[in-house]
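Undergrad: For reference, the structure I am asking about is given below.
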Amino acid sequence: MKFVFNGISGRHPAASASAPAALRRVSLEVVAGEQLAVIGPSGAGKTTFLHLVACALKPSAGSLQLGDSDPWALTRAQLQRLRGQLFLAPQVPPLPPRQRVVISVLAGRLPHESLSASLRSLFYPVDIALADRALARFDLSDKLFARVDRLSGGERQRVGLARAIASSARLLLVDEPLSALDPARSKQAIETLTSVARERGATLVASLHHVEMALANFPRIVGLRAGELAFDLPADQVTPQRLHDLYAQNLHELSGPAISGPNFDIAPVPPVVMNCR
Ligand SMILES: Nc1ncnc2c1ncn2[C@@H]1O[C@H](COP(=O)(O)OP(=O)(O)OP(=O)(O)O)[C@@H](O)[C@H]1O
Ligand SMILES: [Mg+2]
């Protein structure tokens with residue numbers, strides 16, 4: 001599914017009236033089947049960007065085209081149907097603690113099913129094989145019938161990603177999918193997401209703190225800084241200098257060989273001492 005941002009600004013309803021909009025005057029066009037990573041320091045507007053694409057936040061200025069329509073000009077029912085064609089995977093997946101993993105994964109399909117089928121599947125999961133296949137892509141087959149509250153944080157995050165690929169969404173929006181994963185699992189997760197999206201011709205947008213992972217796995221990189229579009233470039237044109245500029249005030253968030261080089265003198269971050277009672 002394609003989408004177009006025409007000078008979009010996004011302001012959170014709870015934000016103070018004097019604060020600048022979380023995202024400001026962003027214009028870009030994403031064609032169906034494209035894969036892009038959104039990077040930038042904490043607070044740059046990555047999650048806000050994903051929420052605007054997902055129609056979870058209404059633009060305060062500018063206009064959004066999602067597929068062939070302006071979602072905010074649709075009726076409620078039409079907007080609901082359009083939302084059913086996309087999947088927004090939040091950083092911390094909203095998994096009910098006592099639920100079985102199989103139910104959580106199949107919940108990814110709910111927007112595509114009738115109400116009666118949805119209710120039935122909450123009690124009698126009918127497509128166990130589908131959940132198993134999705135979990136297998138993240139090495140989690142053995143957790144099919146485990147309870148969600150007995151999983152580690154990283155396993156929970158991978159269940160959230162299995163739920164995303166179990167959906168048949170044409171637009172996958174994933175917010176920080178690697179934050180709870182070790183390097184090997186991160187690589188596996190990102191390769192799975194990109195290859196599933198490619199197999200289906202689905203559009204994939206991922207916000208990532210891990211810049212190396214973004215550059216290695218996504219052909220297009222969108223850099224956000226302080227709510228504005230800093231760059232929108234093919235991965236091979238994202239130079240160390242651009243990354244340095246993007247993270248200028250937040251160099252401690254940037255690590256790995258992408259920024260190593262003679263021009264960057266990055267002081268190591270001292271350990272933080274925490275007093276716990
Ligand atoms: N629900 C909210 N209400 C009010 N302000 C918000 C809300 N969510 C985010 N903001 C503000 O919007 C700005 C952008 O936040 P956003 O969550 O999009 O950043 P981010 O790039 O995803 O950061 P991170 O890397 O820490 O997840 C920040 O200044 C933040 O404080
Ligand atoms: Mg975020």
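Identifiers in the structure tokens: chain A, B, ... in order shown; residue index from 1 per chain; ligand index from 1 in order shown.
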Report as a compact mmCIF listing (two decimals) with N, CA and C atoms, in the first residue's frame which protein, DNA and RNA residues come within 12 Å of ligand 2, using only C-alpha atoms and all ligand atoms.
TA:
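The file below, pocket-v2.txt, is the result:
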# COMPACT_ATOMS: atom_id res chain seq x y z
N ALA A 22 4.97 17.83 17.25
CA ALA A 22 5.97 16.76 17.36
C ALA A 22 6.60 16.45 16.00
N VAL A 38 13.09 4.49 9.55
CA VAL A 38 13.04 5.86 10.07
C VAL A 38 13.99 5.91 11.25
N ILE A 39 14.98 6.79 11.17
CA ILE A 39 15.97 6.89 12.24
C ILE A 39 16.00 8.32 12.78
N GLY A 40 16.68 8.49 13.88
CA GLY A 40 16.80 9.82 14.48
C GLY A 40 16.85 9.68 15.99
N PRO A 41 17.33 10.72 16.65
CA PRO A 41 17.48 10.64 18.11
C PRO A 41 16.14 10.51 18.83
N SER A 42 16.20 10.16 20.09
CA SER A 42 15.02 10.04 20.91
C SER A 42 14.26 11.37 20.90
N GLY A 43 12.95 11.29 20.70
CA GLY A 43 12.12 12.50 20.68
C GLY A 43 12.06 13.17 19.32
N ALA A 44 12.72 12.57 18.30
CA ALA A 44 12.77 13.20 16.97
C ALA A 44 11.42 13.16 16.25
N GLY A 45 10.56 12.22 16.65
CA GLY A 45 9.24 12.15 16.00
C GLY A 45 8.99 10.85 15.25
N LYS A 46 9.81 9.81 15.49
CA LYS A 46 9.67 8.55 14.74
C LYS A 46 8.32 7.87 15.02
N THR A 47 7.98 7.76 16.31
CA THR A 47 6.71 7.11 16.66
C THR A 47 5.54 7.96 16.16
N THR A 48 5.67 9.27 16.30
CA THR A 48 4.62 10.17 15.80
C THR A 48 4.42 9.96 14.30
N PHE A 49 5.51 9.81 13.56
CA PHE A 49 5.44 9.56 12.12
C PHE A 49 4.63 8.29 11.85
N LEU A 50 4.96 7.21 12.57
CA LEU A 50 4.26 5.94 12.35
C LEU A 50 2.77 6.08 12.70
N HIS A 51 2.48 6.81 13.77
CA HIS A 51 1.07 6.99 14.17
C HIS A 51 0.29 7.80 13.14
N ALA A 89 2.75 -2.15 14.74
CA ALA A 89 3.31 -2.94 15.85
C ALA A 89 4.04 -2.00 16.79
N PRO A 90 3.44 -1.70 17.97
CA PRO A 90 4.11 -0.80 18.90
C PRO A 90 5.36 -1.44 19.50
N GLN A 91 6.22 -0.59 20.06
CA GLN A 91 7.48 -1.11 20.62
C GLN A 91 7.22 -2.16 21.69
N VAL A 92 6.26 -1.88 22.56
CA VAL A 92 5.88 -2.87 23.57
C VAL A 92 4.52 -3.41 23.15
N VAL A 174 6.33 -0.86 12.01
CA VAL A 174 6.89 -1.45 13.24
C VAL A 174 7.76 -0.43 13.96
N ASP A 175 7.43 -0.24 15.24
CA ASP A 175 8.10 0.77 16.03
C ASP A 175 9.15 0.10 16.92
N GLU A 176 10.41 0.39 16.65
CA GLU A 176 11.51 -0.15 17.45
C GLU A 176 11.39 -1.65 17.67
N PRO A 177 11.41 -2.43 16.61
CA PRO A 177 11.17 -3.87 16.78
C PRO A 177 12.32 -4.62 17.46
N SER A 179 14.29 -3.42 20.19
CA SER A 179 14.79 -2.80 21.43
C SER A 179 15.06 -3.81 22.54
N ALA A 206 9.89 0.80 9.34
CA ALA A 206 10.35 0.46 10.70
C ALA A 206 11.10 1.64 11.28
N SER A 207 10.79 2.00 12.52
CA SER A 207 11.62 2.98 13.21
C SER A 207 12.70 2.18 13.93
N LEU A 208 13.91 2.66 13.85
CA LEU A 208 15.03 1.89 14.42
C LEU A 208 16.02 2.81 15.11
N HIS A 209 16.42 2.40 16.31
CA HIS A 209 17.52 3.10 16.97
C HIS A 209 18.85 2.56 16.47
N LEU A 224 14.93 11.75 10.88
CA LEU A 224 14.15 12.81 11.53
C LEU A 224 14.99 13.43 12.64
N GLY A 227 11.66 16.75 15.08
CA GLY A 227 10.35 16.89 14.44
C GLY A 227 10.39 17.26 12.97
Undergrad: Need to verify the contact set: Arg150 (chain A), 9 Å, only C-alpha atoms, exclusion of same-chain residues closer than 3 positions in sequence. Can you return it as a list in words?
TA: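 Within the cut-off, the hits are Pro97, Arg98, Ala146 and Arg147 of chain A.
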Undergrad: Limited to C-alpha atoms, could you put the picked residues into a file as a JSON list (two decimals), in the first residue's frame?
TA:
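Everything below was put into again14.json:
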[["chain", "number", "residue", "atom", "x", "y", "z"],
["A", 97, "PRO", "CA", -0.60, -11.28, 30.35],
["A", 98, "ARG", "CA", -2.69, -14.41, 30.90],
["A", 146, "ALA", "CA", 2.84, -20.72, 26.60],
["A", 147, "ARG", "CA", 1.25, -17.94, 28.60]]
Undergrad: Quick one, how far is CA of Lys187 (chain A) from CA of Val238 (chain A)?
TA: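 We find that CA of Lys187 (chain A) and CA of Val238 (chain A) lie 20.2 Å from each other.
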Undergrad: Taking into account only C-alpha atoms and all ligand atoms, which residue in the set A:His244, A:Arg198, A:Arg76, A:His12 is nearest to ligand 1?
TA: A:His12
Undergrad: Which residues in region 36-236 of chain A does DSSP call alpha helix (DSSP H)? List them as a PyMOL selection string.
TA: chain A and resi 46-53+76-83+101-106+115-123+128-136+153-166+183-200+211-217
Undergrad: Between CA of Asp149 (chain A) and CA of Leu110 (chain A), what distance in Å does the model show, to one decimal?
TA: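 Result for CA of Asp149 (chain A) versus CA of Leu110 (chain A): 21.5 Å, one decimal.
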Undergrad: Mind checking DSSP for region 107-219 of chain A and telling me the strand (DSSP E) residues as a PyMOL selection string?
TA: chain A and resi 171-175+203-207
Undergrad: Can I get the selected residues back with C-alpha atoms, as a PDB file, in the first residue's frame?
TA:
ATOM      1  CA  LEU A 171       1.284  -1.924   5.169  1.00  0.00           C
ATOM      2  CA  LEU A 172       3.437  -2.988   8.128  1.00  0.00           C
ATOM      3  CA  LEU A 173       4.489  -0.256  10.552  1.00  0.00           C
ATOM      4  CA  VAL A 174       6.892  -1.448  13.235  1.00  0.00           C
ATOM      5  CA  ASP A 175       8.104   0.775  16.034  1.00  0.00           C
ATOM      6  CA  THR A 203       5.075  -1.910   2.359  1.00  0.00           C
ATOM      7  CA  LEU A 204       7.318  -1.948   5.442  1.00  0.00           C
ATOM      8  CA  VAL A 205       8.219   1.047   7.597  1.00  0.00           C
ATOM      9  CA  ALA A 206      10.345   0.459  10.698  1.00  0.00           C
ATOM     10  CA  SER A 207      11.622   2.976  13.210  1.00  0.00           C
TER      11      SER A 207
END
Undergrad: Return the single residue from A:Val102, A:Leu243, A:Ala226, A:Val31 that is closest to ligand 1, with distances computed using only C-alpha atoms and all ligand atoms.
TA: A:Ala226
Undergrad: Any idea what's packed within 8 Å of Leu66 (chain A), counting only C-alpha atoms, ignoring anything in its chain fewer than 5 positions away? Could you give it as a list in words?
TA: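 Residues meeting the cut-off are Met1, Lys2, Phe3, Val4, Val53 and Pro71 of chain A.
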